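Listing of work07.csv, CSV, C-alpha atoms
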```csv
chain,number,residue,atom,x,y,z
A,19,MET,CA,177.6,136.1,77.1
A,20,ASN,CA,178.1,137.7,73.7
A,21,ASN,CA,177.7,134.4,72.0
A,22,LEU,CA,174.4,133.8,73.9
A,23,ASN,CA,173.2,137.3,72.8
A,24,PHE,CA,174.2,136.6,69.2
A,25,LEU,CA,172.4,133.3,69.3
A,26,SER,CA,169.3,134.8,70.9
A,27,ASP,CA,169.2,137.7,68.3
A,28,TYR,CA,169.7,135.3,65.5
A,29,LEU,CA,166.9,133.0,66.6
A,30,ILE,CA,164.5,136.0,67.1
A,31,ALA,CA,165.3,137.3,63.6
A,32,SER,CA,164.8,133.8,62.1
A,33,LEU,CA,161.4,133.5,63.8
A,34,ASN,CA,160.3,137.0,62.7
A,35,LEU,CA,161.3,136.4,59.1
A,36,ALA,CA,159.5,133.0,59.2
A,37,VAL,CA,156.1,134.3,60.5
A,38,PRO,CA,154.8,135.7,57.2
A,39,LEU,CA,156.0,132.6,55.4
A,40,ALA,CA,154.3,130.4,57.9
A,41,PHE,CA,150.9,132.1,57.7
A,42,ALA,CA,151.0,131.9,53.9
A,43,ALA,CA,152.2,128.3,53.9
A,44,LEU,CA,149.5,127.2,56.4
A,45,GLY,CA,146.9,129.0,54.2
A,46,GLY,CA,148.2,127.1,51.2
A,47,MET,CA,148.1,123.9,53.1
A,48,TYR,CA,144.3,124.2,53.7
A,49,SER,CA,143.7,125.0,50.1
A,50,GLU,CA,145.9,122.2,48.7
A,51,ARG,CA,144.6,119.7,51.2
A,52,SER,CA,141.2,120.3,49.6
A,53,GLY,CA,142.6,119.7,46.2
A,54,VAL,CA,143.0,123.3,44.9
A,55,LEU,CA,146.5,124.3,43.9
A,56,ASN,CA,147.2,127.8,45.3
A,57,ILE,CA,150.0,129.5,43.5
A,58,ALA,CA,148.2,132.8,44.4
A,59,LEU,CA,149.8,133.0,47.9
A,60,GLU,CA,152.2,135.7,46.7
A,61,GLY,CA,149.2,137.9,45.6
A,62,MET,CA,147.3,137.1,48.8
A,63,LEU,CA,150.3,138.2,50.9
A,64,LEU,CA,150.7,141.4,48.9
A,65,THR,CA,147.0,142.1,49.1
A,66,GLY,CA,147.0,141.7,52.9
A,67,ALA,CA,150.1,143.9,53.2
A,68,PHE,CA,148.6,146.8,51.2
A,69,THR,CA,145.1,146.6,52.7
A,70,SER,CA,146.4,146.5,56.3
A,71,ALA,CA,148.7,149.4,55.5
A,72,ALA,CA,146.0,151.5,53.8
A,73,ALA,CA,143.4,150.9,56.5
A,74,THR,CA,145.9,151.7,59.2
A,75,PHE,CA,147.0,154.8,57.4
A,76,TYR,CA,143.4,156.2,57.2
A,77,THR,CA,142.2,155.1,60.6
A,78,GLY,CA,145.4,155.1,62.7
A,79,ASN,CA,144.2,151.7,64.2
A,80,PRO,CA,146.4,148.7,63.2
A,81,TRP,CA,143.8,146.3,64.5
A,82,LEU,CA,141.3,147.6,61.9
A,83,GLY,CA,144.1,147.2,59.4
A,84,VAL,CA,144.3,143.5,60.4
A,85,ILE,CA,140.5,143.0,60.0
A,86,CYS,CA,140.6,144.7,56.6
A,87,ALA,CA,143.5,142.5,55.5
A,88,LEU,CA,141.5,139.4,56.5
A,89,ILE,CA,138.5,140.6,54.5
A,90,ALA,CA,140.6,141.4,51.4
A,91,GLY,CA,142.5,138.1,51.6
A,92,GLY,CA,139.2,136.2,51.9
A,93,LEU,CA,137.9,138.0,48.9
A,94,VAL,CA,141.0,137.1,46.9
A,95,GLY,CA,140.6,133.5,48.0
A,96,LEU,CA,136.9,133.6,47.0
A,97,LEU,CA,137.9,134.8,43.5
A,98,HIS,CA,140.5,132.0,43.2
A,99,ALA,CA,137.8,129.5,44.3
A,100,PHE,CA,135.3,130.9,41.9
A,101,LEU,CA,137.7,130.6,39.0
A,102,CYS,CA,138.9,127.2,39.9
A,103,VAL,CA,135.9,125.4,41.4
A,104,THR,CA,133.0,127.0,39.6
A,105,LEU,CA,134.5,128.0,36.2
A,106,TYR,CA,137.1,125.2,36.1
A,107,VAL,CA,139.9,127.5,35.1
A,108,ASN,CA,143.3,125.9,35.2
A,109,GLN,CA,144.4,126.4,38.8
A,110,LEU,CA,148.0,127.3,37.9
A,111,VAL,CA,146.8,130.0,35.5
A,112,SER,CA,144.3,131.4,38.0
A,113,GLY,CA,147.0,131.7,40.7
A,114,LEU,CA,149.5,133.4,38.4
A,115,ALA,CA,146.8,135.8,37.1
A,116,ILE,CA,145.9,136.8,40.7
A,117,ASN,CA,149.6,137.4,41.5
A,118,LEU,CA,150.0,139.6,38.5
A,119,VAL,CA,146.8,141.6,39.2
A,120,ALA,CA,147.7,142.0,42.9
A,121,ALA,CA,151.2,143.2,42.0
A,122,GLY,CA,149.9,145.8,39.6
A,123,LEU,CA,146.9,146.9,41.5
A,124,THR,CA,148.6,147.4,44.8
A,125,SER,CA,151.4,149.4,43.2
A,126,PHE,CA,148.9,151.7,41.5
A,127,LEU,CA,146.7,152.1,44.6
A,128,ALA,CA,149.8,152.6,46.9
A,129,ARG,CA,150.8,155.7,44.8
A,130,LEU,CA,147.3,157.1,45.3
A,131,VAL,CA,146.9,156.3,49.0
A,132,PHE,CA,150.4,157.3,50.1
A,133,ASN,CA,150.8,160.2,47.7
A,134,GLY,CA,153.9,158.6,46.1
A,135,SER,CA,155.7,158.1,49.5
A,136,SER,CA,156.7,154.5,49.8
A,137,THR,CA,158.0,154.9,53.3
A,138,GLN,CA,154.9,156.3,55.1
A,139,ARG,CA,155.5,155.3,58.7
A,140,LEU,CA,152.5,153.3,60.2
A,141,PRO,CA,151.5,152.7,63.7
A,142,GLY,CA,152.4,149.1,64.5
A,143,ILE,CA,151.4,146.3,66.9
A,144,GLU,CA,153.6,146.1,69.9
A,145,PRO,CA,155.0,143.0,71.6
A,146,ILE,CA,153.2,141.3,74.5
A,147,VAL,CA,155.5,140.4,77.3
A,148,ILE,CA,154.6,137.3,79.4
A,149,PRO,CA,155.9,137.8,82.9
A,150,ALA,CA,158.4,135.3,84.3
A,151,LEU,CA,158.6,133.3,81.1
A,152,ALA,CA,160.1,136.3,79.3
A,153,ASN,CA,163.2,136.1,81.5
A,154,ILE,CA,164.2,132.6,80.4
A,155,PRO,CA,167.6,132.7,78.7
A,156,ILE,CA,167.6,132.7,74.9
A,157,PHE,CA,164.0,131.3,74.4
A,158,GLY,CA,162.4,133.8,76.8
A,159,GLU,CA,162.8,136.8,74.5
A,160,MET,CA,162.2,134.6,71.4
A,161,LEU,CA,158.9,133.1,72.5
A,162,PHE,CA,157.5,135.2,75.3
A,163,GLN,CA,158.2,138.8,74.2
A,164,GLN,CA,156.5,138.6,70.9
A,165,ASP,CA,153.6,140.3,69.1
A,166,VAL,CA,150.2,138.7,68.9
A,167,PHE,CA,150.9,137.3,65.4
A,168,VAL,CA,153.5,134.9,66.8
A,169,TYR,CA,151.2,133.7,69.6
A,170,LEU,CA,148.4,133.3,67.0
A,171,LEU,CA,150.8,131.3,64.8
A,172,ILE,CA,151.6,128.8,67.6
A,173,ILE,CA,147.9,128.4,68.3
A,174,LEU,CA,147.2,128.0,64.6
A,175,VAL,CA,149.7,125.2,64.2
A,176,VAL,CA,148.4,123.2,67.2
A,177,THR,CA,144.7,123.7,66.2
A,178,SER,CA,145.5,122.8,62.6
A,179,ILE,CA,147.1,119.5,63.6
A,180,TYR,CA,144.0,118.7,65.8
A,181,PHE,CA,141.6,119.8,63.1
A,182,LEU,CA,143.1,117.9,60.2
A,183,PHE,CA,143.8,114.6,62.0
A,184,HIS,CA,141.4,114.4,64.9
A,185,THR,CA,138.1,115.8,63.7
A,186,SER,CA,135.5,114.7,61.1
A,187,PHE,CA,135.8,118.1,59.4
A,188,GLY,CA,139.5,117.5,58.9
A,189,LEU,CA,138.8,114.0,57.6
A,190,THR,CA,136.3,115.5,55.1
A,191,LEU,CA,138.8,118.1,53.9
A,192,ARG,CA,141.5,115.5,53.4
A,193,ALA,CA,139.0,113.1,51.7
A,194,VAL,CA,138.0,115.9,49.2
A,195,GLY,CA,141.7,116.5,48.4
A,196,GLU,CA,142.6,112.9,48.0
A,197,TYR,CA,139.6,111.6,46.0
A,198,SER,CA,136.8,114.0,45.5
A,199,GLN,CA,134.5,111.5,43.7
A,200,ALA,CA,134.5,109.2,46.7
A,201,ALA,CA,133.8,112.1,49.0
A,202,ALA,CA,130.9,113.2,46.9
A,203,THR,CA,129.5,109.7,46.8
A,204,ALA,CA,129.5,109.8,50.6
A,205,GLY,CA,127.4,113.0,50.5
A,206,VAL,CA,130.1,115.6,50.9
A,207,SER,CA,129.7,118.9,48.9
A,208,VAL,CA,133.1,119.0,47.2
A,209,SER,CA,132.5,122.6,46.0
A,210,LYS,CA,131.6,123.9,49.4
A,211,VAL,CA,134.6,122.3,51.1
A,212,ARG,CA,136.9,123.7,48.5
A,213,TYR,CA,135.4,127.1,48.6
A,214,GLY,CA,135.8,127.2,52.4
A,215,ALA,CA,139.4,126.0,52.3
A,216,VAL,CA,140.5,128.5,49.6
A,217,VAL,CA,138.8,131.4,51.3
A,218,LEU,CA,140.5,130.4,54.6
A,219,SER,CA,143.8,130.2,52.7
A,220,GLY,CA,143.4,133.8,51.5
A,221,CYS,CA,142.6,135.0,55.1
A,222,LEU,CA,145.7,133.3,56.6
A,223,ALA,CA,148.0,134.4,53.8
A,224,SER,CA,146.7,138.0,54.2
A,225,LEU,CA,147.7,137.8,57.9
A,226,GLY,CA,151.3,137.2,56.7
A,227,GLY,CA,151.0,140.4,54.7
A,228,ALA,CA,149.6,142.3,57.6
A,229,TYR,CA,152.5,141.1,59.7
A,230,LEU,CA,155.0,142.6,57.2
A,231,THR,CA,153.5,146.0,57.3
A,232,LEU,CA,152.3,146.3,60.9
A,233,VAL,CA,155.1,144.5,62.8
A,234,GLN,CA,158.2,143.8,60.7
A,235,ILE,CA,158.6,146.9,58.5
A,236,ARG,CA,155.8,149.3,59.4
A,237,PHE,CA,155.3,150.8,56.0
A,238,PHE,CA,154.2,149.6,52.6
A,239,THR,CA,156.3,149.5,49.6
A,240,GLU,CA,155.6,148.1,46.1
A,241,GLY,CA,156.3,144.4,45.7
A,242,MET,CA,157.3,144.1,49.4
A,243,SER,CA,156.3,140.4,49.5
A,244,ALA,CA,159.4,139.8,47.3
A,245,GLY,CA,158.7,136.2,46.4
A,246,LYS,CA,157.7,135.1,50.0
A,247,GLY,CA,154.6,133.5,48.6
A,248,PHE,CA,156.6,131.2,46.4
A,249,ILE,CA,159.0,130.3,49.3
A,250,ALA,CA,155.9,129.5,51.3
A,251,ILE,CA,154.9,127.0,48.6
A,252,ALA,CA,158.3,125.5,48.8
A,253,ALA,CA,158.0,125.2,52.6
A,254,LEU,CA,154.6,123.6,52.1
A,255,ILE,CA,156.1,120.9,49.9
A,256,PHE,CA,159.1,120.5,52.1
A,257,GLY,CA,156.8,120.1,55.1
A,258,ARG,CA,154.8,117.5,53.2
A,259,TRP,CA,151.5,119.4,53.7
A,260,HIS,CA,151.6,118.9,57.5
A,261,PRO,CA,151.1,121.9,59.8
A,262,LEU,CA,154.2,121.3,62.0
A,263,GLY,CA,156.5,120.2,59.2
A,264,THR,CA,155.4,123.2,57.1
A,265,THR,CA,156.0,125.6,60.0
A,266,LEU,CA,159.5,124.2,60.7
A,267,ALA,CA,160.3,124.5,57.0
A,268,CYS,CA,159.3,128.1,57.2
A,269,PHE,CA,161.6,128.6,60.2
A,270,LEU,CA,164.5,127.0,58.2
A,271,PHE,CA,164.0,129.5,55.3
A,272,GLY,CA,163.7,132.3,57.8
A,273,ALA,CA,166.9,131.3,59.4
A,274,THR,CA,168.6,131.2,56.0
A,275,GLU,CA,167.4,134.8,55.3
A,276,ALA,CA,168.5,135.9,58.7
A,277,LEU,CA,171.9,134.4,58.0
A,278,GLN,CA,172.4,136.2,54.7
A,279,LEU,CA,171.5,139.5,56.4
A,280,ARG,CA,174.1,139.0,59.1
A,281,ILE,CA,176.7,138.0,56.6
A,282,GLN,CA,176.1,141.3,54.8
A,283,ALA,CA,176.2,143.2,58.1
A,284,PHE,CA,179.6,141.7,58.9
A,285,GLY,CA,180.9,143.2,55.7
A,286,ALA,CA,182.1,139.9,54.2
A,287,ASN,CA,183.7,140.2,50.8
A,288,ILE,CA,180.8,138.5,49.0
A,289,PRO,CA,178.6,140.2,46.4
A,290,TYR,CA,175.3,141.0,48.0
A,291,GLN,CA,173.4,139.6,45.0
A,292,PHE,CA,174.7,136.1,45.9
A,293,LEU,CA,173.7,136.5,49.5
A,294,ALA,CA,170.2,137.9,48.6
A,295,MET,CA,169.5,134.8,46.5
A,296,LEU,CA,170.6,132.4,49.3
A,297,PRO,CA,167.0,131.8,50.7
A,298,TYR,CA,165.7,131.1,47.2
A,299,ALA,CA,168.6,128.8,46.4
A,300,ILE,CA,168.0,126.8,49.7
A,301,ALA,CA,164.3,126.5,48.7
A,302,LEU,CA,165.3,125.2,45.3
A,303,PHE,CA,167.7,122.7,46.7
A,304,ALA,CA,165.1,121.5,49.2
A,305,LEU,CA,162.6,120.9,46.4
A,306,VAL,CA,165.2,119.1,44.4
A,307,GLY,CA,166.1,116.9,47.4
A,308,LEU,CA,162.5,116.0,47.9
A,309,ALA,CA,161.9,115.1,44.2
A,310,GLY,CA,159.8,111.9,44.2
A,311,LYS,CA,159.7,111.8,48.1
A,312,SER,CA,157.0,114.4,49.0
A,313,THR,CA,153.6,113.1,47.9
A,314,PRO,CA,150.9,115.8,47.4
A,315,PRO,CA,147.2,115.0,47.9
A,316,GLN,CA,146.1,112.9,44.9
A,317,GLY,CA,143.4,115.3,43.8
A,318,LEU,CA,145.6,118.4,43.9
A,319,GLY,CA,145.0,120.5,40.8
A,320,VAL,CA,142.2,118.2,39.5
A,321,PRO,CA,138.8,119.9,39.1
A,322,TYR,CA,135.6,118.1,40.1
A,323,SER,CA,132.4,118.4,38.1
A,324,PRO,CA,129.2,117.6,40.2
A,325,GLU,CA,127.2,117.1,37.0
A,326,ASN,CA,128.9,113.8,36.1
A,327,ARG,CA,130.6,113.1,39.4
A,328,GLN,CA,134.0,112.4,37.9
A,329,ASP,CA,137.3,114.1,37.9
A,330,ASN,CA,138.2,115.8,34.7
```
Same coordinates, now as structure tokens:
Amino acid sequence: MNNLNFLSDYLIASLNLAVPLAFAALGGMYSERSGVLNIALEGMLLTGAFTSAAATFYTGNPWLGVICALIAGGLVGLLHAFLCVTLYVNQLVSGLAINLVAAGLTSFLARLVFNGSSTQRLPGIEPIVIPALANIPIFGEMLFQQDVFVYLLIILVVTSIYFLFHTSFGLTLRAVGEYSQAAATAGVSVSKVRYGAVVLSGCLASLGGAYLTLVQIRFFTEGMSAGKGFIAIAALIFGRWHPLGTTLACFLFGATEALQLRIQAFGANIPYQFLAMLPYAIALFALVGLAGKSTPPQGLGVPYSPENRQDN
């Protein structure tokens, strides 16, 4: 029974740690399927975390915090799209700039909003228990005693698979990401598709940040995303830009982080610095193992100019 409890607790912890990664990675998937490289996931996560925390702090309503996070994430996505799609700024540079601005701005504003207190407790979002199903051994508590973010993530994965591979909109999105010139020749507005995909990317990534502050930790602290946006990018590559594969990769990285936390709790004679770097090491090894095997969309990172209808 103790073994079952340990397994159940471990799986629940793995899922909880994977949720913010999955929202960010799925957001990145939409952006990169349209051909826009999104290194800004880290900044989008951090923006969503701060905005949801600040809005919840002032209003006392975590649902308003989620809505504000969606708006802020969408605006960051809009900024990234404007820089990359309209101004033809290098997509890698734009993403890194957004990450740096988000890190500095959220740290500055957090000191103003929370009066220097980095552990201001916030009202959170409570789990929703589904009767009968919640009593299933191991998986009952893991899947049917969760908060709305987990249920939303499951719905998002299913709808993303259907949207990308079974609708004309999904076909259009993939066509723009693979070969924008051919899509434009067929009458598709490449700019509009990419704008929509990048804004959606910001909204989804910001939900991951809201999850951190309103469910997982329930307070905001500077730099709390702690590289999760970059791990989400690794999960996206590891999952080969597919909704299900990407989500499973996020669960793998979440399980790795849960494992290192449990090893520390058991008091193993291992320097905690080595354990803390374990998730990042696993992400690096995963990328090295996929070298040459995971093929991105052909138009990823390549700007499209409607004036001459050719990729630059």
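CA of Leu35 (chain A) is found 7.2 Å from CA of Ala276 (chain A).
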Residue contacts of region 197-208 of chain A (12 Å, all atoms listed in the file) excluding same-chain residues fewer than 3 positions away, as a tab-separated table (two decimals) with C-alpha atoms, in the coordinates of the input:
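Generated file (result29.tsv):
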```tsv
chain	number	residue	atom	x	y	z
A	51	ARG	CA	144.60	119.70	51.20
A	52	SER	CA	141.20	120.30	49.60
A	53	GLY	CA	142.60	119.70	46.20
A	54	VAL	CA	143.00	123.30	44.90
A	99	ALA	CA	137.80	129.50	44.30
A	103	VAL	CA	135.90	125.40	41.40
A	104	THR	CA	133.00	127.00	39.60
A	186	SER	CA	135.50	114.70	61.10
A	187	PHE	CA	135.80	118.10	59.40
A	189	LEU	CA	138.80	114.00	57.60
A	190	THR	CA	136.30	115.50	55.10
A	191	LEU	CA	138.80	118.10	53.90
A	192	ARG	CA	141.50	115.50	53.40
A	193	ALA	CA	139.00	113.10	51.70
A	194	VAL	CA	138.00	115.90	49.20
A	211	VAL	CA	134.60	122.30	51.10
A	212	ARG	CA	136.90	123.70	48.50
A	213	TYR	CA	135.40	127.10	48.60
A	214	GLY	CA	135.80	127.20	52.40
A	215	ALA	CA	139.40	126.00	52.30
A	315	PRO	CA	147.20	115.00	47.90
A	316	GLN	CA	146.10	112.90	44.90
A	317	GLY	CA	143.40	115.30	43.80
A	318	LEU	CA	145.60	118.40	43.90
A	319	GLY	CA	145.00	120.50	40.80
A	320	VAL	CA	142.20	118.20	39.50
A	321	PRO	CA	138.80	119.90	39.10
A	322	TYR	CA	135.60	118.10	40.10
A	323	SER	CA	132.40	118.40	38.10
A	324	PRO	CA	129.20	117.60	40.20
A	325	GLU	CA	127.20	117.10	37.00
A	326	ASN	CA	128.90	113.80	36.10
A	327	ARG	CA	130.60	113.10	39.40
A	328	GLN	CA	134.00	112.40	37.90
A	329	ASP	CA	137.30	114.10	37.90
A	330	ASN	CA	138.20	115.80	34.70
```
Residues within 8 Å of Asp165 (chain A), all atoms listed in the file, excluding chain neighbours under 5 positions, as a PyMOL selection string: chain A and resi 143-146+233
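Distance annotation: of A:Ser112, A:Thr274, A:Ser312, A:Gln163, the residue with the minimal separation from Ser32 (chain A) is A:Thr274; atom set is all atoms listed in the file.
Atom pair CA of Leu29 (chain A) / CA of Thr65 (chain A) has a distance of 28.0 Å (rounded to one decimal).
The coordinates place CA of Val147 (chain A) at 26.0 Å from CA of Phe75 (chain A).
Of the residues under consideration (A:Leu101, A:Ala58, A:Arg139, A:Arg236), A:Ala58 shows the shortest atom-to-atom contact distance to Val119 (chain A) when counting only C-alpha atoms.
Restricting the calculation to all atoms listed in the file, the smallest distance between Gly83 (chain A) and any of A:Leu225, A:Leu279, A:Leu39, A:Leu270 is found for A:Leu225.
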List every residue of region 111-226 of chain A that has an atom at most 10 Å from any atom of region 246-265 of chain A, giving for each one its closest atom pair and the distance in Å to one decimal, counting all atoms listed in the file, sorted by chain and then by ascending residue number, as a Markdown table.
```
| residue | atom | partner | partner_atom | distance |
| --- | --- | --- | --- | --- |
| A:Asn117 | CA | A:Gly247 | CA | 9.5 |
| A:Leu171 | CA | A:Thr265 | CA | 9.1 |
| A:Ile172 | CA | A:Thr265 | CA | 9.3 |
| A:Leu174 | CA | A:Pro261 | CA | 8.7 |
| A:Val175 | CA | A:Pro261 | CA | 5.7 |
| A:Val176 | CA | A:Pro261 | CA | 8.0 |
| A:Thr177 | CA | A:Pro261 | CA | 9.2 |
| A:Ser178 | CA | A:Pro261 | CA | 6.3 |
| A:Ile179 | CA | A:Pro261 | CA | 6.0 |
| A:Tyr180 | CA | A:Pro261 | CA | 9.8 |
| A:Leu182 | CA | A:Pro261 | CA | 9.0 |
| A:Phe183 | CA | A:His260 | CA | 10.0 |
| A:Ala223 | CA | A:Gly247 | CA | 8.5 |
| A:Gly226 | CA | A:Gly247 | CA | 9.5 |
```
Among listed residues A:Gln109, A:Thr239, A:Gln278, A:Ser26, nearest Ala121 (chain A) (using all atoms listed in the file): A:Thr239
Contacts of Ile89 (chain A) within 9 Å, all atoms listed in the file, excl. fewer than 4 positions in-chain, as JSON, numbers by chain: {"A": [66, 84, 85, 93, 94, 220, 221, 224]}
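Restricting the calculation to all atoms listed in the file, the smallest distance between Thr74 (chain A) and any of A:Tyr28, A:Phe238, A:Phe269, A:Phe157 is found for A:Phe238.
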Residues within 7 Å of Leu110 (chain A), only C-alpha atoms, excluding chain neighbours under 4 positions, as a ChimeraX atom specification: /A:55,57,114
